[in-house]
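Novice: Handing you this structure, nothing more for now.
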Amino acid sequence: MKDRHASANRLAGKLAILAVIVILCLGLTHRVRASSLLYKSYVIRYDRGWDILCEPYEVKPNDWVLKIFRQKGEISSRDFREFLGIFKRLNPHVKNVDRIRPGQIIDIPLKKIDPGTLPGQASGIVTIPFVTLSRSSELIHQHSKQYRVRKGDTVSKLIARRFGRFGTKSYKEGVKLFKAANPGIKNLNLIYAGQRIYLPDPSIRKQTWYASLYDKKGNIRNKLDPQALAASAAAPLHELQQMQKEQGPDSESDPLKRVAAAVEGKLYNRGTYYFPRQGQPDFELDLERYPVLDMNDGQKIIFTHESRIMDVEAALLETYWPNVKIITLEEGENAPEILDKVFRAIEGEEQDNEIYYAGQGTRITVRAKWIKPATADGRRICITPIETPSQKTPEPIRRYLEQNGIVLKEILAGNDKVPATNSAGQSGEHHRIKPVMALAPTGIRDLVGQVLDVLGYGFSTDIEISFPYAGIQVKARSNLISSPDGGQWLVDFGDLYGDAVAAIEKSGLPVIQIKPGTDEAGALEIILRALGKTVTRNPSYLAADRPPDYNILVTVEGILVEDPDKNRYLLTNAALHPAVADLITSRGIKLVEWSS
């Protein structure tokens, strides 16, 4: 027990240190409490199935995008191309990442996190303790690197290499930082080869709280000044809240805007749109009368309530541009009705309404009313009308699919005042993983024993049995199952030969035979059926509470077992994704996973 507590304490200590190190690199300061406890606030954005921890950052003079990215977070260091894609999607106002300007506010993606990882995450803003250090030297030490002195090294040379030439302001600050990081070195002229020292990282000078380390005379303070640290905040909390509010889900009631959001296109409904015509002046379209939907795949839709557009027959205009379709709208049509016209215009009557995804022991069939052809990055958008909010697909499944390139858009039919889609991860649902029984058997017999124990049965291996055979009493060894009500069965894994099985059963003891070569799942199925259980191989579940025509069917590799008391267990040797595990356990099914 003491070892367990010690291990837990060590883990907690490592996590606390990691939190301080990570947060020292991130975020915005907004509040400080007594004992120099500094808090940092940063925002949660949603991107393709993930919550993204972001630092709101105000671009400084002489900043350039690569410089900022390389200093911020684990995504950029692990996969820069992925980071850049996330950055562009979260900052659509940055048209050219190579041209950021001072004063611009950007969200820098730092880390992908699961729902519920941080306190207050569902609100879109999280606040985490930043510094619990009481002395400036401790904070400086966090921004220093250990170094082994080499022959010929001097403190002045080492500082000059990092902070600039001797005598400059930055050099003098570097010396002060060095002293604070190495309080045991009393004489800077006396260091020796092999000695371990700490060299302050020049990047510390870019931290928002750096100036607060110094007093009015330019000396490093002995203790941290909470008020000075608080004054270094880059943005107050209310500004972050306002930013998050502006980034919230679109609640437009305009059905055309809802259609554009559903297909992830762009709606142009103000100004003039110019269509090129070979050998003629551009065709000028009044967007307030005839809005245009750019589908972002080359297709464009012109909406009209008339047979003529700018005094030109609508049918004639379609002949000018092969990628332009014209749709006539009726008064009062809602978003689903307009979507149906859009997809009929583009895809025709025969539309693909079903796609699949398989992974981690699961096959998912997505049936949608409309499925937009794959985008350039392979994503598919699946759109389905629903009658009530209760028919939405659970958020964990939506996130799981979106992480794998399938985007669900569910639109409330007949009520254009309700938010159009639920793909932005803002519903407030967060899956809570239910307990999963994890088994680690050493072989097929051990697996059978562990599963039977979960189901309330006893299992004894290699027991001696005696039975009459050809007029003599014969002894053998086998495996015995005992039920809570006193029933018994022998399980033979190929150890009994000839007429032995028939002779044993004549004595009144049933034998369950598992033939050599039967896999683990097959053996479990044979045994459980023999015990009178209701067994379903590879069961399927509808993810959403709505008819199956347009729903998500989740099929799991495993065995569903139900006993007479209606207790249900799903046995699987697949490492199911948490979203799938959540779906199963939400049905009141106990999940049992075993590793082969």
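Numbering starts fresh at 1 for the residues of each chain in the structure tokens, the chains themselves are lettered A, B, ... in the order given, and ligands are numbered from 1 as they appear.
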I'd like the neighbourhood of region 485-502 of chain A as a PyMOL selection string, where a residue qualifies if any of its atoms comes within 7 Å (using only C-alpha atoms), though same-chain residues fewer than 3 positions away should be ignored.
Specialist: chain A and resi 478-482+505-506+509-516
Novice: Got time to write the residues from that selection, N, CA and C atoms, as an mmCIF file, in the first residue's frame?
Specialist:
```
data_model
loop_
_atom_site.group_PDB
_atom_site.id
_atom_site.type_symbol
_atom_site.label_atom_id
_atom_site.label_comp_id
_atom_site.auth_asym_id
_atom_site.auth_seq_id
_atom_site.Cartn_x
_atom_site.Cartn_y
_atom_site.Cartn_z
ATOM 1 N N SER A 478 -9.511 -33.145 -16.896
ATOM 2 C CA SER A 478 -10.254 -32.217 -17.750
ATOM 3 C C SER A 478 -10.494 -30.916 -16.989
ATOM 4 N N ASN A 479 -11.432 -30.101 -17.489
ATOM 5 C CA ASN A 479 -11.723 -28.778 -16.924
ATOM 6 C C ASN A 479 -13.194 -28.718 -16.560
ATOM 7 N N LEU A 480 -13.502 -28.142 -15.414
ATOM 8 C CA LEU A 480 -14.856 -28.193 -14.894
ATOM 9 C C LEU A 480 -15.432 -26.782 -14.700
ATOM 10 N N ILE A 481 -16.651 -26.565 -15.261
ATOM 11 C CA ILE A 481 -17.406 -25.332 -15.037
ATOM 12 C C ILE A 481 -18.473 -25.608 -13.998
ATOM 13 N N SER A 482 -18.609 -24.692 -13.033
ATOM 14 C CA SER A 482 -19.648 -24.822 -12.006
ATOM 15 C C SER A 482 -20.501 -23.556 -12.029
ATOM 16 N N GLU A 505 -20.573 -38.558 -20.729
ATOM 17 C CA GLU A 505 -21.921 -37.981 -20.768
ATOM 18 C C GLU A 505 -22.981 -38.986 -20.323
ATOM 19 N N LYS A 506 -22.717 -40.310 -20.540
ATOM 20 C CA LYS A 506 -23.652 -41.326 -20.058
ATOM 21 C C LYS A 506 -23.731 -41.319 -18.536
ATOM 22 N N LEU A 509 -22.661 -36.209 -16.829
ATOM 23 C CA LEU A 509 -21.897 -34.955 -16.827
ATOM 24 C C LEU A 509 -21.709 -34.481 -18.265
ATOM 25 N N PRO A 510 -22.380 -33.371 -18.691
ATOM 26 C CA PRO A 510 -22.242 -32.906 -20.076
ATOM 27 C C PRO A 510 -20.818 -32.413 -20.378
ATOM 28 N N VAL A 511 -20.392 -32.616 -21.621
ATOM 29 C CA VAL A 511 -19.041 -32.233 -22.054
ATOM 30 C C VAL A 511 -19.153 -31.214 -23.181
ATOM 31 N N ILE A 512 -18.470 -30.093 -23.014
ATOM 32 C CA ILE A 512 -18.387 -29.065 -24.060
ATOM 33 C C ILE A 512 -17.047 -29.245 -24.756
ATOM 34 N N GLN A 513 -17.075 -29.564 -26.051
ATOM 35 C CA GLN A 513 -15.831 -29.842 -26.775
ATOM 36 C C GLN A 513 -15.387 -28.634 -27.595
ATOM 37 N N ILE A 514 -14.128 -28.263 -27.404
ATOM 38 C CA ILE A 514 -13.491 -27.197 -28.192
ATOM 39 C C ILE A 514 -12.444 -27.854 -29.072
ATOM 40 N N LYS A 515 -12.684 -27.882 -30.357
ATOM 41 C CA LYS A 515 -11.771 -28.563 -31.277
ATOM 42 C C LYS A 515 -10.457 -27.784 -31.410
ATOM 43 N N PRO A 516 -9.352 -28.478 -31.595
ATOM 44 C CA PRO A 516 -8.062 -27.793 -31.804
ATOM 45 C C PRO A 516 -8.149 -26.835 -32.990
#
```
Novice: Step one, run DSSP on the backbone; step two, keep only residues of region 285-399 of chain A assigned to alpha helix (DSSP H); then write them as a PyMOL selection string.
Specialist: chain A and resi 314-320+335-347+395-399
Novice: Separation of CA of Leu524 (chain A) and CA of Leu571 (chain A), in Å?
Specialist: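 The value is 9.1 Å.
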Novice: Which value, in Å to one decimal, gives the distance between CA of Ala530 (chain A) and CA of Ala581 (chain A)?
Specialist: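 Here the two named atoms are 27.6 Å from each other.
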Novice: Run DSSP on the backbone and grab whatever in region 54-243 of chain A lands in strand (DSSP E or B); send it over as a PDB file with C-alpha atoms, in the first residue's frame.
Specialist:
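Produced file states.pdb, reproduced below:
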```
ATOM      1  CA  CYS A  54      -4.965  27.713 -28.092  1.00  0.00           C
ATOM      2  CA  GLU A  55      -2.986  30.736 -26.999  1.00  0.00           C
ATOM      3  CA  PRO A  56      -4.525  34.043 -28.100  1.00  0.00           C
ATOM      4  CA  TYR A  57      -1.484  36.013 -29.200  1.00  0.00           C
ATOM      5  CA  GLU A  58      -1.003  39.603 -30.286  1.00  0.00           C
ATOM      6  CA  ILE A 105      -4.745  38.808 -32.767  1.00  0.00           C
ATOM      7  CA  ILE A 106      -4.231  35.165 -33.695  1.00  0.00           C
ATOM      8  CA  ASP A 107      -5.030  31.866 -31.989  1.00  0.00           C
ATOM      9  CA  ILE A 108      -1.951  29.649 -31.837  1.00  0.00           C
ATOM     10  CA  PRO A 109      -2.876  25.943 -31.599  1.00  0.00           C
ATOM     11  CA  LEU A 110      -0.848  24.305 -28.847  1.00  0.00           C
ATOM     12  CA  LYS A 111      -2.205  20.848 -28.144  1.00  0.00           C
ATOM     13  CA  LYS A 112      -5.026  18.458 -29.050  1.00  0.00           C
ATOM     14  CA  ILE A 113      -7.005  17.476 -25.965  1.00  0.00           C
ATOM     15  CA  ILE A 125     -11.900  29.204 -21.741  1.00  0.00           C
ATOM     16  CA  VAL A 126      -9.660  27.442 -19.251  1.00  0.00           C
ATOM     17  CA  THR A 127      -7.625  28.924 -16.424  1.00  0.00           C
ATOM     18  CA  ILE A 128      -4.706  26.971 -15.020  1.00  0.00           C
ATOM     19  CA  PRO A 129      -2.140  27.717 -12.280  1.00  0.00           C
ATOM     20  CA  PHE A 130       0.954  29.037 -14.003  1.00  0.00           C
ATOM     21  CA  VAL A 131       3.621  29.662 -11.381  1.00  0.00           C
ATOM     22  CA  ARG A 135      11.490  33.285  -5.654  1.00  0.00           C
ATOM     23  CA  SER A 144      17.868  27.659 -17.873  1.00  0.00           C
ATOM     24  CA  LYS A 145      19.700  24.684 -19.354  1.00  0.00           C
ATOM     25  CA  GLN A 146      22.268  22.547 -17.600  1.00  0.00           C
ATOM     26  CA  TYR A 147      25.758  22.820 -19.090  1.00  0.00           C
ATOM     27  CA  ARG A 148      29.079  21.053 -18.350  1.00  0.00           C
ATOM     28  CA  ARG A 196      27.856  21.623 -13.995  1.00  0.00           C
ATOM     29  CA  ILE A 197      26.294  25.065 -14.280  1.00  0.00           C
ATOM     30  CA  TYR A 198      22.971  26.485 -15.505  1.00  0.00           C
ATOM     31  CA  LEU A 199      22.918  28.816 -18.505  1.00  0.00           C
ATOM     32  CA  PRO A 200      19.808  31.039 -18.823  1.00  0.00           C
ATOM     33  CA  TYR A 214      13.674  43.511 -12.063  1.00  0.00           C
ATOM     34  CA  ILE A 220      16.673  41.044 -10.032  1.00  0.00           C
ATOM     35  CA  LYS A 223      10.904  37.451  -4.452  1.00  0.00           C
TER      36      LYS A 223
END
```
Novice: Env of region 307-316 of chain A: 10 Å cut, atoms = only C-alpha atoms, seq-sep filter 4 positions within chain, self excluded. Answer as a list in words.
Specialist: Phe283, Glu284, Leu285, Asp286, Arg289, Tyr290, Ile302, Phe303, Tyr320, Trp321, Lys325, Ile326, Ile327 and Thr328 of chain A
Novice: Could you jot down the CA of Gln104 (chain A) to CA of Phe87 (chain A) separation for me, Å, one decimal place?
Specialist: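 According to the coordinates, CA of Gln104 (chain A) and CA of Phe87 (chain A) are separated by 14.2 Å.
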Novice: Calculated over only C-alpha atoms, which of the candidates A:Asp114, A:Glu337, A:Glu562, A:Asp549 has the smallest distance to Arg537 (chain A)?
Specialist: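 Closest residue, counting only C-alpha atoms: A:Glu562.
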Novice: Of the residues A:Arg221, A:Arg162, A:Arg99, A:Lys60, which is the one nearest to Glu138 (chain A), using only C-alpha atoms?
Specialist: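 The answer is A:Arg221, which sits nearest to Glu138 (chain A).
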